[in-house]
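See structure below.
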Amino acid sequence: MTISSASALVSGWTFQWRPMLESDLDRVAQLETEAHAAPWTRGNFRDALAAGYAALVGESGGELIAYGVLMLAPGEGQLLNLTVAPSARRRGHGRNLLRRMLADAARVGAEQCFLEVRESNEGAIALYLREGFAPVARRAAYYPPVTAGGRREDALVMRRSIELENDGQPF
């Protein structure tokens with residue numbers, strides 16, 4: 001899927017969205033490690049790009065502060081990763097990225113989108129609920145433990161239908 005670049009003003013930040021490139025992978029993997037207890041590897045991101053998944057990065061002031069990966073299949077999308085740098089959270093970047101990815105998915109014919117989220121990730125779950133996702137299932141012991149000797153954590157599976165409004169935004 002081809003994703004074009006776009007600029008936006010999000011919560012007072014000048015923000016540039018663009019497709020993720022191979023040259024971004026070191027920084028993306030570093031940010032992934034800072035943001036997640038069980039991070040994707042650089043190889044996971046490289047494989048996602050090689051598979052043709054829709055992958056975006058967001059930059060502000062030349063600094064990469066957000067990224068997302070969306071897998072598309074006939075009629076649906078699956079949000080595989082949506083991450084905002086810890087220092088840039090609660091400024092609307094996650095919501096903006098999510099809406100952009102849903103709009104891109106709708107434009108290529110996706111009618112619904114799924115995602116899995118760690119059951120303890122209350123902030124992400126709240127965002128997804130506000131954006132129209134609903135819980136549809138639970139995957140037991142899906143995520144690896146975040147501490148040595150800890151327990152595996154369930155994933156909450158969420159879904160929402162997607163259509164485009166006249167302004168090109170998903171609803």
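Chain identifiers are assigned as A, B, and so on, following the order in which chains appear in the structure tokens; residues are numbered from 1 within each chain, and ligands are numbered from 1 in order of appearance.
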
Polymer residues at most 9 Å from A:Pro74, only C-alpha atoms, same-chain spacing of 6 or more positions, as a count of residues only: 3

For A:Arg90, please output as a PyMOL selection string all residues within 12 Å (counting only C-alpha atoms; exclusion window: fewer than 2 positions along the same chain). chain A and resi 10-11+83-88+92-96+123-124+126-127

Go ahead and write the residues just picked, N, CA and C atoms, as a CSV table (one decimal), in the first residue's frame.
chain,number,residue,atom,x,y,z
A,10,VAL,N,-0.6,19.3,15.3
A,10,VAL,CA,-1.3,18.5,16.3
A,10,VAL,C,-0.9,19.0,17.7
A,11,SER,N,-1.9,19.5,18.4
A,11,SER,CA,-1.6,20.1,19.8
A,11,SER,C,-0.5,21.0,19.8
A,83,THR,N,2.6,3.3,18.1
A,83,THR,CA,3.4,3.7,19.2
A,83,THR,C,3.7,5.2,19.1
A,84,VAL,N,3.6,5.8,20.3
A,84,VAL,CA,4.0,7.2,20.4
A,84,VAL,C,5.1,7.3,21.5
A,85,ALA,N,6.2,8.1,21.2
A,85,ALA,CA,7.3,8.2,22.2
A,85,ALA,C,6.7,8.6,23.6
A,86,PRO,N,7.2,8.0,24.6
A,86,PRO,CA,6.7,8.4,26.0
A,86,PRO,C,6.7,9.9,26.2
A,87,SER,N,7.7,10.6,25.7
A,87,SER,CA,7.8,12.0,26.0
A,87,SER,C,6.8,12.8,25.1
A,88,ALA,N,6.1,12.2,24.2
A,88,ALA,CA,5.2,12.9,23.3
A,88,ALA,C,3.7,12.5,23.4
A,92,GLY,N,-2.4,13.9,21.4
A,92,GLY,CA,-3.2,13.7,20.2
A,92,GLY,C,-2.5,12.9,19.1
A,93,HIS,N,-1.2,12.6,19.2
A,93,HIS,CA,-0.5,12.0,18.1
A,93,HIS,C,-1.0,10.5,17.9
A,94,GLY,N,-1.3,9.8,18.9
A,94,GLY,CA,-1.8,8.4,18.7
A,94,GLY,C,-3.2,8.4,18.1
A,95,ARG,N,-4.1,9.3,18.5
A,95,ARG,CA,-5.4,9.4,17.8
A,95,ARG,C,-5.2,9.8,16.4
A,96,ASN,N,-4.4,10.8,16.1
A,96,ASN,CA,-4.1,11.3,14.7
A,96,ASN,C,-3.6,10.1,13.9
A,123,GLY,N,-4.4,3.1,28.9
A,123,GLY,CA,-4.4,4.3,28.0
A,123,GLY,C,-4.8,4.0,26.6
A,124,ALA,N,-4.1,2.9,26.0
A,124,ALA,CA,-4.4,2.5,24.7
A,124,ALA,C,-5.9,2.0,24.5
A,126,ALA,N,-8.4,2.9,26.3
A,126,ALA,CA,-9.3,4.1,26.3
A,126,ALA,C,-9.3,4.8,25.0
A,127,LEU,N,-8.2,4.9,24.4
A,127,LEU,CA,-8.1,5.5,23.0
A,127,LEU,C,-9.0,4.7,22.0

Quick one: pick out all strand (DSSP E or B) residues within chain A from a backbone DSSP run and write them as number ranges by chain. A: 6-10, 13-19, 54-60, 63-73, 76-84, 112-118, 134-143, 153-161, 164, 170

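Near stretch 129-133 of chain A, within 7 Å and counting only C-alpha atoms, sit Ile125, Met158, Arg159 and Arg160 of chain A, not including residues fewer than 4 positions from it in the same chain.
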
Closest to A:Glu116 among A:Met71, A:Ile162, A:Ala137, A:Ala48, using only C-alpha atoms?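 For A:Glu116, the nearest of the candidates is A:Ala137.
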
Would you please extract all helix (DSSP H, G or I) residues from stretch 74-139 of chain A, as assigned by DSSP on the backbone, and give them as a PDB file with N, CA, C and O atoms, in the first residue's frame?
ATOM      1  N   PRO A  86       7.185   8.018  24.629  1.00  0.00           N
ATOM      2  CA  PRO A  86       6.671   8.380  25.958  1.00  0.00           C
ATOM      3  C   PRO A  86       6.677   9.891  26.212  1.00  0.00           C
ATOM      4  O   PRO A  86       5.734  10.418  26.815  1.00  0.00           O
ATOM      5  N   SER A  87       7.676  10.591  25.724  1.00  0.00           N
ATOM      6  CA  SER A  87       7.763  12.043  25.956  1.00  0.00           C
ATOM      7  C   SER A  87       6.763  12.849  25.138  1.00  0.00           C
ATOM      8  O   SER A  87       6.564  14.034  25.398  1.00  0.00           O
ATOM      9  N   ALA A  88       6.112  12.218  24.158  1.00  0.00           N
ATOM     10  CA  ALA A  88       5.184  12.934  23.282  1.00  0.00           C
ATOM     11  C   ALA A  88       3.740  12.467  23.440  1.00  0.00           C
ATOM     12  O   ALA A  88       2.873  12.847  22.655  1.00  0.00           O
ATOM     13  N   HIS A  93      -1.234  12.626  19.214  1.00  0.00           N
ATOM     14  CA  HIS A  93      -0.509  11.961  18.132  1.00  0.00           C
ATOM     15  C   HIS A  93      -1.025  10.543  17.873  1.00  0.00           C
ATOM     16  O   HIS A  93      -1.163  10.130  16.722  1.00  0.00           O
ATOM     17  N   GLY A  94      -1.313   9.789  18.924  1.00  0.00           N
ATOM     18  CA  GLY A  94      -1.827   8.432  18.750  1.00  0.00           C
ATOM     19  C   GLY A  94      -3.177   8.432  18.052  1.00  0.00           C
ATOM     20  O   GLY A  94      -3.406   7.652  17.129  1.00  0.00           O
ATOM     21  N   ARG A  95      -4.064   9.325  18.476  1.00  0.00           N
ATOM     22  CA  ARG A  95      -5.383   9.435  17.841  1.00  0.00           C
ATOM     23  C   ARG A  95      -5.242   9.843  16.383  1.00  0.00           C
ATOM     24  O   ARG A  95      -5.878   9.275  15.496  1.00  0.00           O
ATOM     25  N   ASN A  96      -4.368  10.807  16.108  1.00  0.00           N
ATOM     26  CA  ASN A  96      -4.147  11.265  14.740  1.00  0.00           C
ATOM     27  C   ASN A  96      -3.611  10.132  13.869  1.00  0.00           C
ATOM     28  O   ASN A  96      -4.075   9.923  12.741  1.00  0.00           O
ATOM     29  N   LEU A  97      -2.641   9.385  14.385  1.00  0.00           N
ATOM     30  CA  LEU A  97      -2.066   8.273  13.634  1.00  0.00           C
ATOM     31  C   LEU A  97      -3.110   7.186  13.403  1.00  0.00           C
ATOM     32  O   LEU A  97      -3.245   6.662  12.293  1.00  0.00           O
ATOM     33  N   LEU A  98      -3.866   6.847  14.430  1.00  0.00           N
ATOM     34  CA  LEU A  98      -4.907   5.830  14.299  1.00  0.00           C
ATOM     35  C   LEU A  98      -5.919   6.231  13.232  1.00  0.00           C
ATOM     36  O   LEU A  98      -6.265   5.437  12.347  1.00  0.00           O
ATOM     37  N   ARG A  99      -6.393   7.456  13.277  1.00  0.00           N
ATOM     38  CA  ARG A  99      -7.374   7.918  12.289  1.00  0.00           C
ATOM     39  C   ARG A  99      -6.797   7.904  10.875  1.00  0.00           C
ATOM     40  O   ARG A  99      -7.481   7.558   9.924  1.00  0.00           O
ATOM     41  N   ARG A 100      -5.544   8.301  10.748  1.00  0.00           N
ATOM     42  CA  ARG A 100      -4.910   8.286   9.423  1.00  0.00           C
ATOM     43  C   ARG A 100      -4.817   6.853   8.891  1.00  0.00           C
ATOM     44  O   ARG A 100      -5.103   6.591   7.721  1.00  0.00           O
ATOM     45  N   MET A 101      -4.412   5.923   9.735  1.00  0.00           N
ATOM     46  CA  MET A 101      -4.288   4.539   9.281  1.00  0.00           C
ATOM     47  C   MET A 101      -5.656   3.947   8.929  1.00  0.00           C
ATOM     48  O   MET A 101      -5.787   3.217   7.946  1.00  0.00           O
ATOM     49  N   LEU A 102      -6.686   4.272   9.704  1.00  0.00           N
ATOM     50  CA  LEU A 102      -8.028   3.794   9.380  1.00  0.00           C
ATOM     51  C   LEU A 102      -8.520   4.380   8.060  1.00  0.00           C
ATOM     52  O   LEU A 102      -9.150   3.685   7.246  1.00  0.00           O
ATOM     53  N   ALA A 103      -8.241   5.651   7.825  1.00  0.00           N
ATOM     54  CA  ALA A 103      -8.642   6.282   6.560  1.00  0.00           C
ATOM     55  C   ALA A 103      -7.910   5.647   5.389  1.00  0.00           C
ATOM     56  O   ALA A 103      -8.513   5.380   4.338  1.00  0.00           O
ATOM     57  N   ASP A 104      -6.616   5.392   5.537  1.00  0.00           N
ATOM     58  CA  ASP A 104      -5.856   4.731   4.472  1.00  0.00           C
ATOM     59  C   ASP A 104      -6.429   3.347   4.190  1.00  0.00           C
ATOM     60  O   ASP A 104      -6.571   2.939   3.042  1.00  0.00           O
ATOM     61  N   ALA A 105      -6.777   2.606   5.246  1.00  0.00           N
ATOM     62  CA  ALA A 105      -7.359   1.273   5.085  1.00  0.00           C
ATOM     63  C   ALA A 105      -8.703   1.348   4.369  1.00  0.00           C
ATOM     64  O   ALA A 105      -8.985   0.554   3.464  1.00  0.00           O
ATOM     65  N   ALA A 106      -9.541   2.310   4.747  1.00  0.00           N
ATOM     66  CA  ALA A 106     -10.855   2.459   4.109  1.00  0.00           C
ATOM     67  C   ALA A 106     -10.708   2.790   2.628  1.00  0.00           C
ATOM     68  O   ALA A 106     -11.461   2.281   1.796  1.00  0.00           O
ATOM     69  N   ARG A 107      -9.720   3.629   2.302  1.00  0.00           N
ATOM     70  CA  ARG A 107      -9.528   4.015   0.896  1.00  0.00           C
ATOM     71  C   ARG A 107      -9.146   2.843  -0.003  1.00  0.00           C
ATOM     72  O   ARG A 107      -9.360   2.897  -1.198  1.00  0.00           O
ATOM     73  N   GLU A 122      -4.187   0.467  29.780  1.00  0.00           N
ATOM     74  CA  GLU A 122      -5.432   1.218  29.956  1.00  0.00           C
ATOM     75  C   GLU A 122      -5.518   2.436  29.045  1.00  0.00           C
ATOM     76  O   GLU A 122      -6.588   2.751  28.532  1.00  0.00           O
ATOM     77  N   GLY A 123      -4.404   3.141  28.850  1.00  0.00           N
ATOM     78  CA  GLY A 123      -4.414   4.317  27.980  1.00  0.00           C
ATOM     79  C   GLY A 123      -4.763   3.965  26.557  1.00  0.00           C
ATOM     80  O   GLY A 123      -5.589   4.637  25.920  1.00  0.00           O
ATOM     81  N   ALA A 124      -4.149   2.909  26.025  1.00  0.00           N
ATOM     82  CA  ALA A 124      -4.443   2.488  24.650  1.00  0.00           C
ATOM     83  C   ALA A 124      -5.884   2.000  24.530  1.00  0.00           C
ATOM     84  O   ALA A 124      -6.586   2.338  23.574  1.00  0.00           O
ATOM     85  N   ILE A 125      -6.330   1.218  25.495  1.00  0.00           N
ATOM     86  CA  ILE A 125      -7.702   0.714  25.451  1.00  0.00           C
ATOM     87  C   ILE A 125      -8.689   1.885  25.458  1.00  0.00           C
ATOM     88  O   ILE A 125      -9.657   1.892  24.688  1.00  0.00           O
ATOM     89  N   ALA A 126      -8.442   2.883  26.284  1.00  0.00           N
ATOM     90  CA  ALA A 126      -9.325   4.055  26.335  1.00  0.00           C
ATOM     91  C   ALA A 126      -9.346   4.765  24.984  1.00  0.00           C
ATOM     92  O   ALA A 126     -10.411   5.164  24.498  1.00  0.00           O
ATOM     93  N   LEU A 127      -8.188   4.918  24.352  1.00  0.00           N
ATOM     94  CA  LEU A 127      -8.132   5.537  23.024  1.00  0.00           C
ATOM     95  C   LEU A 127      -8.952   4.726  22.024  1.00  0.00           C
ATOM     96  O   LEU A 127      -9.780   5.278  21.288  1.00  0.00           O
ATOM     97  N   TYR A 128      -8.739   3.430  21.995  1.00  0.00           N
ATOM     98  CA  TYR A 128      -9.448   2.589  21.029  1.00  0.00           C
ATOM     99  C   TYR A 128     -10.955   2.628  21.260  1.00  0.00           C
ATOM    100  O   TYR A 128     -11.735   2.692  20.301  1.00  0.00           O
ATOM    101  N   LEU A 129     -11.389   2.607  22.502  1.00  0.00           N
ATOM    102  CA  LEU A 129     -12.824   2.701  22.798  1.00  0.00           C
ATOM    103  C   LEU A 129     -13.389   4.035  22.311  1.00  0.00           C
ATOM    104  O   LEU A 129     -14.461   4.072  21.694  1.00  0.00           O
ATOM    105  N   ARG A 130     -12.666   5.147  22.576  1.00  0.00           N
ATOM    106  CA  ARG A 130     -13.118   6.465  22.110  1.00  0.00           C
ATOM    107  C   ARG A 130     -13.199   6.527  20.593  1.00  0.00           C
ATOM    108  O   ARG A 130     -14.012   7.273  20.050  1.00  0.00           O
TER     109      ARG A 130
END

Using only C-alpha atoms: which of A:Gln30, A:Asn121, A:Ser161, A:Thr14 has the shortest distance to A:Gly77: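 Result for the nearest residue to A:Gly77: A:Ser161.
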
Report, in Å with one decimal, the straight-line distance from atom CA of A:Phe45 to atom CA of A:Val108. 22.0 Å

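Proximity to A:Val146 was assessed for A:Met20, A:Cys113, A:Ala38, A:Val28 counting only C-alpha atoms; the smallest distance is recorded for A:Ala38.
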
I'd like to know which of A:Val117, A:Val57, A:Val69, A:Leu79 is closest to A:Ser23, using only C-alpha atoms.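 Among the listed residues, the smallest separation from A:Ser23 belongs to A:Val57.
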
Have a look at atom CA of A:Gly58 and atom CA of A:Glu34 and let me know their distance in Å, one decimal. 16.3 Å
